[in-house]
Structure formats: structure tokens, C-alpha cells
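Reproduced below: model_37.tsv, with TSV, C-alpha atoms and all ligand atoms.
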```
chain	number	residue	atom	x	y	z
A	154	MET	CA	0.00	0.00	0.00
A	155	LYS	CA	1.63	3.22	-1.20
A	156	LEU	CA	0.64	6.85	-0.73
A	157	CYS	CA	3.74	8.37	-2.36
A	158	SER	CA	1.76	10.59	-4.77
A	159	PHE	CA	0.34	12.58	-1.83
A	160	LYS	CA	2.11	15.13	0.35
A	161	LYS	CA	3.35	14.19	3.82
A	162	ASP	CA	1.45	14.85	7.10
A	163	MET	CA	-1.91	14.24	5.46
A	164	ASN	CA	-5.26	15.22	6.96
A	165	VAL	CA	-7.92	12.58	6.17
A	166	ALA	CA	-11.67	12.14	6.77
A	167	VAL	CA	-13.48	8.79	6.47
A	168	ILE	CA	-17.29	8.95	6.43
A	169	GLY	CA	-18.95	5.65	7.36
A	170	ALA	CA	-16.02	4.66	9.58
A	171	SER	CA	-18.22	2.13	11.42
A	172	GLY	CA	-18.79	0.03	8.27
A	173	GLY	CA	-16.92	-3.08	7.17
A	174	ILE	CA	-14.83	-1.28	4.54
A	175	GLY	CA	-14.73	2.18	6.19
A	176	ASN	CA	-13.31	0.70	9.40
A	177	GLN	CA	-10.49	-1.01	7.45
A	178	ILE	CA	-9.66	2.14	5.50
A	179	VAL	CA	-9.24	4.00	8.82
A	180	GLU	CA	-7.08	1.20	10.28
A	181	GLN	CA	-4.82	0.97	7.23
A	182	LEU	CA	-4.39	4.73	6.73
A	183	ALA	CA	-3.62	5.14	10.45
A	184	ARG	CA	-0.64	2.79	10.05
A	185	HIS	CA	0.80	4.93	7.24
A	186	ASP	CA	3.67	7.33	8.06
A	187	SER	CA	2.46	10.07	5.74
A	188	VAL	CA	-0.96	10.31	7.44
A	189	LYS	CA	-1.00	12.70	10.40
A	190	THR	CA	-4.68	12.84	11.39
A	191	ILE	CA	-7.79	10.84	10.50
A	192	TYR	CA	-11.29	12.03	11.30
A	193	ALA	CA	-13.45	8.90	11.59
A	194	LEU	CA	-17.08	9.91	11.10
A	195	SER	CA	-20.16	7.79	11.74
A	196	ARG	CA	-23.54	7.75	13.46
A	197	SER	CA	-22.46	5.70	16.45
A	198	GLN	CA	-19.15	6.13	18.25
A	199	THR	CA	-16.37	3.78	17.18
A	200	SER	CA	-13.10	3.08	18.96
A	201	PHE	CA	-9.84	2.90	17.05
A	202	SER	CA	-6.48	1.86	18.37
A	203	SER	CA	-4.50	4.82	17.03
A	204	GLU	CA	-3.84	8.23	18.56
A	205	LYS	CA	-4.06	9.67	15.03
A	206	VAL	CA	-7.80	8.86	14.85
A	207	LYS	CA	-10.44	11.28	16.14
A	208	TRP	CA	-14.11	10.28	16.05
A	209	LEU	CA	-16.85	12.79	15.19
A	210	PRO	CA	-20.62	12.20	14.87
A	211	LEU	CA	-22.16	12.34	11.40
A	212	ASP	CA	-25.71	11.33	10.44
A	213	TYR	CA	-27.18	11.96	6.98
A	214	SER	CA	-30.56	12.70	8.60
A	215	GLN	CA	-29.04	15.84	10.15
A	216	GLU	CA	-27.28	18.11	7.64
A	217	ASP	CA	-25.95	20.17	10.58
A	218	SER	CA	-23.87	17.15	11.63
A	219	VAL	CA	-22.29	16.93	8.15
A	220	GLU	CA	-21.50	20.67	8.11
A	221	ALA	CA	-20.08	20.60	11.66
A	222	ALA	CA	-17.91	17.55	10.91
A	223	ALA	CA	-16.51	19.21	7.75
A	224	SER	CA	-15.64	22.41	9.68
A	225	GLN	CA	-14.04	20.49	12.53
A	226	ALA	CA	-12.03	18.14	10.28
A	227	SER	CA	-10.58	21.04	8.25
A	228	LEU	CA	-9.97	23.44	11.15
A	229	SER	CA	-6.21	22.98	11.43
A	230	ALA	CA	-5.40	21.90	7.84
A	231	PRO	CA	-7.19	21.34	4.51
A	232	LEU	CA	-8.22	17.79	3.70
A	233	ASP	CA	-5.95	15.61	1.53
A	234	ILE	CA	-8.26	12.57	1.38
A	235	VAL	CA	-12.00	12.28	1.96
A	236	PHE	CA	-13.26	8.70	1.71
A	237	VAL	CA	-17.05	8.13	1.79
A	238	ALA	CA	-17.77	4.51	2.77
A	239	THR	CA	-21.47	4.76	3.68
A	240	GLY	CA	-24.12	2.77	1.83
A	241	LEU	CA	-27.35	0.81	2.15
A	242	LEU	CA	-28.46	-2.35	0.32
A	243	HIS	CA	-30.73	-3.99	2.89
A	244	ASN	CA	-31.87	-3.64	6.49
A	245	ASP	CA	-34.70	-5.04	8.64
A	246	ASP	CA	-37.28	-3.20	6.50
A	247	ILE	CA	-35.88	-3.36	2.98
A	248	SER	CA	-34.27	-5.90	0.70
A	249	PRO	CA	-33.29	-5.50	-2.96
A	250	GLU	CA	-36.19	-5.98	-5.40
A	251	LYS	CA	-36.22	-9.04	-7.67
A	252	SER	CA	-38.99	-7.64	-9.88
A	253	LEU	CA	-41.00	-4.50	-10.68
A	254	LYS	CA	-43.88	-5.61	-8.45
A	255	GLU	CA	-41.63	-5.26	-5.36
A	256	ILE	CA	-40.91	-1.55	-5.98
A	257	ASP	CA	-41.84	0.39	-2.85
A	258	PRO	CA	-41.63	4.20	-2.43
A	259	GLN	CA	-40.39	4.06	1.17
A	260	SER	CA	-37.59	1.63	0.31
A	261	PHE	CA	-36.62	3.87	-2.59
A	262	ALA	CA	-36.55	6.93	-0.32
A	263	LYS	CA	-34.25	5.14	2.18
A	264	ALA	CA	-31.87	3.90	-0.51
A	265	PHE	CA	-31.61	7.34	-2.11
A	266	HIS	CA	-31.20	9.00	1.30
A	267	VAL	CA	-28.14	6.91	2.19
A	268	ASN	CA	-26.65	6.19	-1.26
A	269	SER	CA	-27.24	9.50	-3.08
A	270	THR	CA	-28.47	12.45	-0.99
A	271	GLY	CA	-26.17	11.77	1.98
A	272	PRO	CA	-22.99	11.64	-0.14
A	273	ALA	CA	-24.24	14.79	-1.97
A	274	LEU	CA	-24.33	16.58	1.41
A	275	VAL	CA	-20.79	15.38	2.07
A	276	MET	CA	-19.75	16.83	-1.32
A	277	LYS	CA	-21.47	20.12	-0.46
A	278	HIS	CA	-19.74	20.57	2.89
A	279	PHE	CA	-16.38	18.79	2.42
A	280	LEU	CA	-15.30	19.57	-1.17
A	281	PRO	CA	-14.65	23.29	-0.43
A	282	HIS	CA	-12.17	22.18	2.27
A	283	MET	CA	-9.98	19.97	0.03
A	284	ASN	CA	-6.30	20.88	-0.32
A	285	LYS	CA	-5.85	23.32	-3.24
A	286	ASP	CA	-2.03	23.37	-3.18
A	287	ALA	CA	-1.24	19.64	-3.50
A	288	LYS	CA	-2.93	16.47	-4.80
A	289	SER	CA	-6.16	15.68	-2.96
A	290	VAL	CA	-8.72	12.90	-3.51
A	291	PHE	CA	-12.41	12.87	-2.67
A	292	CYS	CA	-13.80	9.41	-3.33
A	293	VAL	CA	-17.12	7.70	-2.69
A	294	LEU	CA	-17.81	3.98	-2.63
A	295	SER	CA	-20.29	3.29	-5.41
A	296	ALA	CA	-20.94	-0.16	-6.96
A	297	ARG	CA	-20.51	-1.78	-10.36
A	298	VAL	CA	-24.26	-2.48	-10.37
A	299	GLY	CA	-24.79	1.31	-10.56
A	300	SER	CA	-23.34	1.27	-14.08
A	301	ILE	CA	-26.16	1.57	-16.64
A	302	SER	CA	-24.07	0.10	-19.46
A	303	ASP	CA	-22.93	-2.86	-17.31
A	304	ASN	CA	-26.45	-3.96	-16.29
A	305	TYR	CA	-27.10	-7.45	-17.69
A	306	LEU	CA	-28.98	-9.07	-14.79
A	307	GLY	CA	-31.67	-6.48	-13.89
A	308	GLY	CA	-33.28	-6.37	-10.43
A	309	TRP	CA	-32.10	-4.39	-7.38
A	310	TYR	CA	-33.99	-1.31	-8.67
A	311	ALA	CA	-33.50	1.07	-5.72
A	312	TYR	CA	-29.85	0.17	-5.08
A	313	ARG	CA	-28.87	0.32	-8.77
A	314	ALA	CA	-30.73	3.60	-9.36
A	315	SER	CA	-29.36	5.28	-6.22
A	316	LYS	CA	-25.78	4.28	-7.12
A	317	ALA	CA	-26.30	5.49	-10.74
A	318	ALA	CA	-27.48	8.80	-9.24
A	319	LEU	CA	-24.35	8.85	-7.05
A	320	ASN	CA	-22.17	8.38	-10.14
A	321	MET	CA	-23.91	11.36	-11.78
A	322	LEU	CA	-23.38	13.47	-8.64
A	323	ILE	CA	-19.67	12.65	-8.72
A	324	LYS	CA	-19.40	13.66	-12.39
A	325	THR	CA	-21.34	16.88	-11.86
A	326	ALA	CA	-19.40	17.92	-8.75
A	327	SER	CA	-16.10	17.18	-10.52
A	328	ILE	CA	-16.94	19.75	-13.22
A	329	GLU	CA	-17.84	22.49	-10.73
A	330	ILE	CA	-14.95	21.88	-8.35
A	331	ALA	CA	-12.32	21.81	-11.14
A	332	ARG	CA	-13.00	25.54	-11.68
A	333	LYS	CA	-11.91	26.26	-8.09
A	334	ASN	CA	-9.39	23.53	-7.28
A	335	LYS	CA	-6.99	22.21	-9.94
A	336	HIS	CA	-5.48	19.55	-7.66
A	337	VAL	CA	-8.52	17.60	-6.51
A	338	CYS	CA	-9.78	14.33	-8.02
A	339	VAL	CA	-13.43	13.48	-7.33
A	340	ALA	CA	-14.05	9.80	-8.11
A	341	ALA	CA	-16.39	6.87	-7.45
A	342	LEU	CA	-14.84	3.50	-6.49
A	343	HIS	CA	-16.19	-0.06	-6.70
A	344	PRO	CA	-14.67	-2.18	-3.90
A	345	GLY	CA	-15.40	-5.61	-5.42
A	346	THR	CA	-17.67	-8.02	-3.55
A	347	VAL	CA	-16.51	-7.71	0.04
A	348	ASP	CA	-17.31	-9.87	3.06
A	349	THR	CA	-19.31	-7.37	5.16
A	350	GLN	CA	-22.84	-7.33	6.59
A	351	LEU	CA	-23.96	-5.48	3.43
A	352	SER	CA	-23.12	-8.40	1.11
A	353	GLU	CA	-23.72	-11.21	3.63
A	354	PRO	CA	-27.22	-12.35	2.42
A	355	PHE	CA	-26.00	-12.56	-1.20
A	356	GLN	CA	-22.64	-14.26	-0.83
A	357	SER	CA	-23.77	-17.76	-1.88
A	358	HIS	CA	-23.75	-16.67	-5.55
A	359	VAL	CA	-20.23	-15.21	-5.45
A	360	PRO	CA	-17.73	-17.33	-7.46
A	361	GLU	CA	-14.88	-18.90	-5.50
A	362	GLY	CA	-12.02	-16.48	-4.90
A	363	LYS	CA	-14.16	-13.43	-5.73
A	364	LEU	CA	-15.32	-12.61	-2.19
A	365	PHE	CA	-12.70	-10.21	-0.84
A	366	THR	CA	-11.85	-9.56	2.78
A	367	PRO	CA	-12.31	-5.91	3.86
A	368	GLU	CA	-8.52	-5.86	4.41
A	369	TYR	CA	-7.74	-6.88	0.82
A	370	SER	CA	-10.32	-4.56	-0.77
A	371	SER	CA	-9.16	-1.59	1.33
A	372	THR	CA	-5.50	-2.15	0.41
A	373	CYS	CA	-6.49	-2.20	-3.29
A	374	LEU	CA	-8.66	0.93	-2.94
A	375	ILE	CA	-5.84	2.87	-1.26
A	376	ASP	CA	-3.54	1.86	-4.15
A	377	VAL	CA	-6.18	3.12	-6.63
A	378	MET	CA	-6.34	6.47	-4.77
A	379	ASN	CA	-2.56	6.71	-4.93
A	380	ASN	CA	-2.69	6.34	-8.74
A	381	LEU	CA	-5.51	8.87	-9.31
A	382	THR	CA	-4.75	12.35	-10.71
A	383	HIS	CA	-7.01	15.36	-11.31
A	384	LYS	CA	-7.42	14.06	-14.90
A	385	ASP	CA	-9.39	11.10	-13.50
A	386	SER	CA	-11.94	13.37	-11.84
A	387	GLY	CA	-15.59	12.47	-12.46
A	388	LYS	CA	-14.83	8.81	-13.31
A	389	ILE	CA	-15.60	5.45	-11.72
A	390	PHE	CA	-12.85	2.93	-10.93
A	391	ALA	CA	-12.90	-0.65	-9.67
A	392	TRP	CA	-10.67	-2.05	-6.88
A	393	ASP	CA	-8.12	-3.16	-9.51
A	394	GLY	CA	-7.81	0.31	-11.05
A	395	GLN	CA	-9.91	-0.52	-14.14
A	396	GLU	CA	-12.27	2.27	-15.21
A	397	ILE	CA	-15.99	1.36	-15.19
A	398	ALA	CA	-18.26	2.90	-17.84
A	399	PRO	CA	-21.20	4.88	-16.35
B	401	LIG	N1	-19.65	-5.07	0.56
B	401	LIG	C1	-19.74	-5.20	-0.76
B	401	LIG	O1	-19.67	-6.30	-1.31
B	401	LIG	C2	-19.92	-3.97	-1.62
B	401	LIG	C3	-19.96	-4.14	-3.02
B	401	LIG	C4	-20.12	-3.01	-3.83
B	401	LIG	C5	-20.23	-1.76	-3.25
B	401	LIG	N2	-20.20	-1.63	-1.88
B	401	LIG	C6	-20.36	-0.29	-1.32
B	401	LIG	O2	-19.33	-0.02	-0.38
B	401	LIG	C7	-19.82	0.83	0.65
B	401	LIG	C8	-19.48	0.25	2.02
B	401	LIG	O3	-20.07	-1.02	2.12
B	401	LIG	P1	-19.82	-2.00	3.37
B	401	LIG	O4	-19.85	-3.36	2.80
B	401	LIG	O5	-18.66	-1.54	4.17
B	401	LIG	O6	-21.17	-1.75	4.16
B	401	LIG	P2	-21.51	-1.70	5.73
B	401	LIG	O7	-20.54	-2.54	6.51
B	401	LIG	O8	-22.95	-2.01	5.83
B	401	LIG	O9	-21.25	-0.15	6.10
B	401	LIG	C9	-22.18	0.84	5.71
B	401	LIG	C10	-21.85	2.15	6.37
B	401	LIG	O10	-22.86	3.14	6.00
B	401	LIG	C11	-23.26	3.83	7.17
B	401	LIG	N3	-24.63	4.39	7.08
B	401	LIG	C12	-25.76	3.71	6.77
B	401	LIG	N4	-26.81	4.56	6.84
B	401	LIG	C13	-26.31	5.78	7.23
B	401	LIG	C14	-26.88	7.07	7.49
B	401	LIG	N5	-28.21	7.28	7.38
B	401	LIG	N6	-26.08	8.11	7.88
B	401	LIG	C15	-24.76	7.91	8.00
B	401	LIG	N7	-24.14	6.70	7.77
B	401	LIG	C16	-24.93	5.67	7.39
B	401	LIG	C17	-23.18	2.77	8.26
B	401	LIG	O11	-23.18	3.42	9.50
B	401	LIG	P3	-23.93	2.78	10.79
B	401	LIG	O12	-22.92	1.84	11.36
B	401	LIG	O13	-24.19	3.96	11.65
B	401	LIG	O14	-25.18	2.12	10.28
B	401	LIG	C18	-21.86	2.10	7.90
B	401	LIG	O15	-20.77	2.88	8.38
B	401	LIG	C19	-21.32	1.02	0.37
B	401	LIG	O16	-21.53	2.21	-0.34
B	401	LIG	C20	-21.65	-0.15	-0.53
B	401	LIG	O17	-22.76	0.13	-1.38
B	401	LIG	C21	-20.03	-2.70	-1.06
```

Would you mind writing the file out in C-alpha cells?
Amino acid sequence: MKLCSFKKDMNVAVIGASGGIGNQIVEQLARHDSVKTIYALSRSQTSFSSEKVKWLPLDYSQEDSVEAAASQASLSAPLDIVFVATGLLHNDDISPEKSLKEIDPQSFAKAFHVNSTGPALVMKHFLPHMNKDAKSVFCVLSARVGSISDNYLGGWYAYRASKAALNMLIKTASIEIARKNKHVCVAALHPGTVDTQLSEPFQSHVPEGKLFTPEYSSTCLIDVMNNLTHKDSGKIFAWDGQEIAP
């Protein structure tokens, strides 16, 4: 795992630090010499074993909490990496639709709240605080199933549509922010199929060797961030660095 394309003493924020992948990203970045501080943001308090890590509350249902976290995380230095690892596929009330007849407005609203609107609020409040003098990366975990051109199986209407919307938000924000910050890359990342509670009910269909540990996926995603430049802004990349068509 290399971070040599970034400056030293980096200031980092991870949103969704309580999740399977977000937690690993925090742990791995905290072990890196060139990372000075990590703001780990989530709804419920998490404990990390590093003095570099500071926890702050963030809940997409309260925009104030997103704004306050962005101000606090950028108080002493601009942000070099913002990593958004939040997402929703299923919970006690919703599960991905197999057919049109399962489409439900409330499930759609929840999926869009967590997968699209929440990350848009993070863009609104965090992007102005990215480092303008050195390479910085703002990335959001999307999903390959959010690609319209890569959709061969159908189903999963709310999740697919909310991730496609997220990809559009990334592209749109990348255009606006490039006028103000020439050094930032705004990108969406697909982590592969990763062994977390999000994928757990669907893992029986995953081919052998294709279910990644959060450790492996996070190492790959950090390598992808290291290789990104401002020319990649607005695009979607998989865990192995391959670009995914929208
Ligand atoms: N795992 C996979 O196979 C896979 C595949 C493709 C894409 N992805 C994407 O990767 C990302 C991370 O997935 P994961 O597997 O790590 O999932 P996870 O373990 O379920 O983590 C999801 C994170 O989202 C947060 N979150 C949910 N609702 C929220 C809200 N209303 N406000 C703020 N935070 C909220 C959760 O916080 P709480 O702890 O507070 O609920 C948690 O930190 C997601 O965007 C997912 O779509 C995952």
C-alpha cells in the first residue's frame, strides 16, 4: 500500500467509519507514516487503536452534523483525502427488489437517502475544504451495479438507481470543483464483492475467490487512490484500477 503521490502529514476524513470497509480504510491509513490525522465519522461512536484517529458524529438525517464535521475536520489543515464509505443495500425493512412488483416508495426513499443524498451533502460541505495546493482525492464507494451500461442481470432497482445517481453526482461535482481547485480528483470507487454485513445475504452466488476480505479490498482501494490524478476526476474505478463505464 503506497501513498507516495500525496504530500506528507496528510489530513484525512473517512465517512462511514463504522462500516466493514470504512473501518479497514481508517485502520490501514492510520498505520501509514504520511498520514497525520484521521477524522473517523459515523452515526455511532467507534473506537480505534490509534492516537491519530479522532471520532466525530455524522448522520445523513441531520445536515448540521455533516457541516459541523466538515468544519471540525478542516480546522487545522485542509483535507488531503475524503473517503465516503457509507451505503445501504438492505436492512430489517428493505431488501433488494427481484422484480417490478416489489418496488416500494419508502424503500426507494431510504436507498436514495443513504446512497445518493447523503454523499451529496458530504460533497457540499467537504469539497470546499480539500487541499488546493497539492494532490487531494475525494472518493465515494459506489458499486458496479450502478453502471447503466454494465447492467445485464436487472433487479435491485433502488440500489442500482441510487448508485447510478451517485455516479452522476460525482461527475457533476467534478466539473464544478475543477474551476476552483486544480489539484482535486473526485471519483467513485467499486470495492469488489466484500465480506461485510452489506453483502452477507447474497454471498452464496459469489464465485470462489471473488469474495474479498475488507482488508484486501481496502489495500487495493488505497492503491487506486494513490494512482488517481485530477485528470481522472468524475470517473468510476474498480478495486483493480480498471475504469468502469457509467
Ligand atoms: N460489501 C460489498 O460487497 C460492496 C460491493 C459493492 C459496493 N459496496 C459499497 O461499499 C460501501 C461500504 O459497504 P460496506 O460493505 O462496508 O457496508 P456496511 O458494513 O454495511 O457499512 C455501511 C456504512 O454506511 C453507514 N450508514 C448507513 N446509513 C447511514 C446514514 N443514514 N447516515 C450515515 N451513515 C450511514 C453505516 O453506519 P452505521 O454503522 O451507523 O449504520 C456504515 O458505516 C457502500 O456504499 C456499498 O454500497 C459494497

Closest of A:Asn334, A:Ser187, A:Ser269, A:Ser224 to ligand LIG 401 (chain B) - atom-to-atom distances counting all atoms listed in the file: A:Ser269

Top pick for closest residue to A:Glu216, considering A:Met276, A:Leu342, A:Ile247, A:Ala183 and counting only C-alpha atoms: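 Of the candidates, the smallest distance to A:Glu216 is held by A:Met276.
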
Within 6 Å of stretch 162-179 of chain A using all atoms listed in the file, minus same-chain residues under 2 positions, as a PyMOL selection string: chain A and resi 181-183+187-195+232-239+349+367+371

Residue nearest ligand LIG 401 (chain B) - candidates A:Pro258, A:Gly345, A:Pro360, A:Pro281, atoms counted: only C-alpha atoms and all ligand atoms: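 Smallest distance to ligand LIG 401 (chain B) is found for A:Gly345.
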
What box, with edges along x, y and z, holds each listed atom of stretch 361-369 of chain A when 3 Å is added on every side, and can you state its centre and edge lengths in Å to one decimal, as JSON?
```
{"center_x": -11.5, "center_y": -12.4, "center_z": -0.7, "size_x": 13.6, "size_y": 19.0, "size_z": 16.1}
```

Residues near A:Ser370, cut-off 10 Å, all atoms listed in the file, skip fewer than 2 positions along chain, as an MDAnalysis selection string: chainID A and resid 174 177:178 343:348 364:368 372:376 392:393

6 Å contact set for A:Ala341, all atoms listed in the file, chain neighbours under 3 positions out, as a short mmCIF file (atom, residue, chain, number, x, y, z; two decimals) with C-alpha atoms, in the frame of the given file:
```cif
data_model
loop_
_atom_site.label_atom_id
_atom_site.label_comp_id
_atom_site.auth_asym_id
_atom_site.auth_seq_id
_atom_site.Cartn_x
_atom_site.Cartn_y
_atom_site.Cartn_z
CA CYS A 292 -13.80 9.41 -3.33
CA VAL A 293 -17.12 7.70 -2.69
CA LEU A 294 -17.81 3.98 -2.63
CA SER A 295 -20.29 3.29 -5.41
CA ILE A 389 -15.60 5.45 -11.72
#
```

Pick from A:Ser289, A:Ser386, A:Gln225, A:Ser300 nearest to A:Lys160, counting only C-alpha atoms: A:Ser289

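Among the candidates A:Glu180, A:Asp212, A:Asp286, A:Glu329, the one nearest to ligand LIG 401 (chain B) when counting only C-alpha atoms and all ligand atoms is A:Asp212.
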
Top pick for closest residue to ligand LIG 401 (chain B), considering A:Lys251, A:Lys324, A:Lys155, A:His266 and counting only C-alpha atoms and all ligand atoms: A:His266

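As for atom CA of A:Met283 and atom CA of A:Pro231, they are spaced 5.5 Å apart.
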
Interatomic distance (Å, one decimal) between atom CA of A:Lys288 and atom O9 of ligand LIG 401 (chain B):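 Taking atom CA of A:Lys288 as the start and atom O9 of ligand LIG 401 (chain B) as the end point, the length is 27.0 Å.
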
Atom-to-atom span, atom CA of A:Ile256 and atom CA of A:Asn320, Å: 21.6 Å

Can you tell me, as a short mmCIF file (atom, residue, chain, number, x, y, z; two decimals) with C-alpha atoms, keeping the file's coordinate frame, which residues sit within 6 Å of (-21.3, 15.0, 6.7) in the file's frame, using only C-alpha atoms?
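Written output follows (result-v3.cif):
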```cif
data_model
loop_
_atom_site.label_atom_id
_atom_site.label_comp_id
_atom_site.auth_asym_id
_atom_site.auth_seq_id
_atom_site.Cartn_x
_atom_site.Cartn_y
_atom_site.Cartn_z
CA LEU A 211 -22.16 12.34 11.40
CA SER A 218 -23.87 17.15 11.63
CA VAL A 219 -22.29 16.93 8.15
CA GLU A 220 -21.50 20.67 8.11
CA ALA A 222 -17.91 17.55 10.91
CA VAL A 275 -20.79 15.38 2.07
#
```

Non-local contacts of A:Leu253 (10 Å; all atoms listed in the file; under 2 positions in same chain excluded) as an MDAnalysis selection string: chainID A and resid 250:251 255:257 308:310

Residues near stretch 240-245 of chain A, cut-off 7 Å, all atoms listed in the file, skip fewer than 4 positions along chain, as a list in words: Pro249, Ala264, Val267, Asn268, Tyr312 and Leu351 of chain A

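Close to (-2.9, 9.7, -10.4), meaning no more than 12 Å away when counting all atoms listed in the file, sit the residues Leu156, Cys157, Ser158, Phe159, Lys288, Ser289, Val290, His336, Val337, Cys338, Val339, Ala340, Ile375, Asp376, Val377, Met378, Asn379, Asn380, Leu381, Thr382, His383, Lys384, Asp385, Ser386 and Gly394 of chain A.
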
Convert the current residue selection to file output with C-alpha atoms, as an mmCIF file, in the coordinates of the input.
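The resulting file, result29.cif, is reproduced below:
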```cif
data_model
loop_
_atom_site.group_PDB
_atom_site.id
_atom_site.type_symbol
_atom_site.label_atom_id
_atom_site.label_comp_id
_atom_site.auth_asym_id
_atom_site.auth_seq_id
_atom_site.Cartn_x
_atom_site.Cartn_y
_atom_site.Cartn_z
ATOM 1 C CA LEU A 156 0.640 6.850 -0.730
ATOM 2 C CA CYS A 157 3.740 8.370 -2.360
ATOM 3 C CA SER A 158 1.760 10.590 -4.770
ATOM 4 C CA PHE A 159 0.340 12.580 -1.830
ATOM 5 C CA LYS A 288 -2.930 16.470 -4.800
ATOM 6 C CA SER A 289 -6.160 15.680 -2.960
ATOM 7 C CA VAL A 290 -8.720 12.900 -3.510
ATOM 8 C CA HIS A 336 -5.480 19.550 -7.660
ATOM 9 C CA VAL A 337 -8.520 17.600 -6.510
ATOM 10 C CA CYS A 338 -9.780 14.330 -8.020
ATOM 11 C CA VAL A 339 -13.430 13.480 -7.330
ATOM 12 C CA ALA A 340 -14.050 9.800 -8.110
ATOM 13 C CA ILE A 375 -5.840 2.870 -1.260
ATOM 14 C CA ASP A 376 -3.540 1.860 -4.150
ATOM 15 C CA VAL A 377 -6.180 3.120 -6.630
ATOM 16 C CA MET A 378 -6.340 6.470 -4.770
ATOM 17 C CA ASN A 379 -2.560 6.710 -4.930
ATOM 18 C CA ASN A 380 -2.690 6.340 -8.740
ATOM 19 C CA LEU A 381 -5.510 8.870 -9.310
ATOM 20 C CA THR A 382 -4.750 12.350 -10.710
ATOM 21 C CA HIS A 383 -7.010 15.360 -11.310
ATOM 22 C CA LYS A 384 -7.420 14.060 -14.900
ATOM 23 C CA ASP A 385 -9.390 11.100 -13.500
ATOM 24 C CA SER A 386 -11.940 13.370 -11.840
ATOM 25 C CA GLY A 394 -7.810 0.310 -11.050
#
```

Missing atoms in stretch 368-384 of chain A: can you complete it with N, CA and C atoms, as a PDB file, in the frame of the given file?
```pdb
ATOM      1  N   GLU A 368      -9.949  -6.223   4.405  1.00  0.00           N
ATOM      2  CA  GLU A 368      -8.520  -5.860   4.410  1.00  0.00           C
ATOM      3  C   GLU A 368      -7.992  -5.773   2.978  1.00  0.00           C
ATOM      4  N   TYR A 369      -8.261  -6.840   2.191  1.00  0.00           N
ATOM      5  CA  TYR A 369      -7.740  -6.880   0.820  1.00  0.00           C
ATOM      6  C   TYR A 369      -8.339  -5.763  -0.025  1.00  0.00           C
ATOM      7  N   SER A 370      -9.664  -5.602   0.041  1.00  0.00           N
ATOM      8  CA  SER A 370     -10.320  -4.560  -0.770  1.00  0.00           C
ATOM      9  C   SER A 370      -9.785  -3.179  -0.403  1.00  0.00           C
ATOM     10  N   SER A 371      -9.616  -2.918   0.892  1.00  0.00           N
ATOM     11  CA  SER A 371      -9.160  -1.590   1.330  1.00  0.00           C
ATOM     12  C   SER A 371      -7.735  -1.318   0.859  1.00  0.00           C
ATOM     13  N   THR A 372      -6.871  -2.322   0.910  1.00  0.00           N
ATOM     14  CA  THR A 372      -5.500  -2.150   0.410  1.00  0.00           C
ATOM     15  C   THR A 372      -5.535  -1.782  -1.077  1.00  0.00           C
ATOM     16  N   CYS A 373      -6.371  -2.493  -1.845  1.00  0.00           N
ATOM     17  CA  CYS A 373      -6.490  -2.200  -3.290  1.00  0.00           C
ATOM     18  C   CYS A 373      -7.030  -0.788  -3.513  1.00  0.00           C
ATOM     19  N   LEU A 374      -8.047  -0.397  -2.737  1.00  0.00           N
ATOM     20  CA  LEU A 374      -8.660   0.930  -2.940  1.00  0.00           C
ATOM     21  C   LEU A 374      -7.673   2.050  -2.604  1.00  0.00           C
ATOM     22  N   ILE A 375      -6.842   1.850  -1.604  1.00  0.00           N
ATOM     23  CA  ILE A 375      -5.840   2.870  -1.260  1.00  0.00           C
ATOM     24  C   ILE A 375      -4.810   2.966  -2.392  1.00  0.00           C
ATOM     25  N   ASP A 376      -4.448   1.823  -2.992  1.00  0.00           N
ATOM     26  CA  ASP A 376      -3.540   1.860  -4.150  1.00  0.00           C
ATOM     27  C   ASP A 376      -4.187   2.615  -5.318  1.00  0.00           C
ATOM     28  N   VAL A 377      -5.486   2.398  -5.542  1.00  0.00           N
ATOM     29  CA  VAL A 377      -6.180   3.120  -6.630  1.00  0.00           C
ATOM     30  C   VAL A 377      -6.127   4.620  -6.351  1.00  0.00           C
ATOM     31  N   MET A 378      -6.392   5.028  -5.102  1.00  0.00           N
ATOM     32  CA  MET A 378      -6.340   6.470  -4.770  1.00  0.00           C
ATOM     33  C   MET A 378      -4.953   7.037  -5.038  1.00  0.00           C
ATOM     34  N   ASN A 379      -3.932   6.243  -4.714  1.00  0.00           N
ATOM     35  CA  ASN A 379      -2.560   6.710  -4.930  1.00  0.00           C
ATOM     36  C   ASN A 379      -2.284   6.974  -6.415  1.00  0.00           C
ATOM     37  N   ASN A 380      -2.934   6.199  -7.290  1.00  0.00           N
ATOM     38  CA  ASN A 380      -2.690   6.340  -8.740  1.00  0.00           C
ATOM     39  C   ASN A 380      -3.575   7.399  -9.402  1.00  0.00           C
ATOM     40  N   LEU A 381      -4.599   7.897  -8.698  1.00  0.00           N
ATOM     41  CA  LEU A 381      -5.510   8.870  -9.310  1.00  0.00           C
ATOM     42  C   LEU A 381      -4.821  10.229  -9.467  1.00  0.00           C
ATOM     43  N   THR A 382      -5.169  10.952 -10.550  1.00  0.00           N
ATOM     44  CA  THR A 382      -4.750  12.350 -10.710  1.00  0.00           C
ATOM     45  C   THR A 382      -6.005  13.174 -10.983  1.00  0.00           C
ATOM     46  N   HIS A 383      -5.842  14.493 -11.059  1.00  0.00           N
ATOM     47  CA  HIS A 383      -7.010  15.360 -11.310  1.00  0.00           C
ATOM     48  C   HIS A 383      -7.641  15.030 -12.674  1.00  0.00           C
ATOM     49  N   LYS A 384      -6.864  14.411 -13.575  1.00  0.00           N
ATOM     50  CA  LYS A 384      -7.420  14.060 -14.900  1.00  0.00           C
ATOM     51  C   LYS A 384      -8.442  12.923 -14.807  1.00  0.00           C
TER      52      LYS A 384
END
```
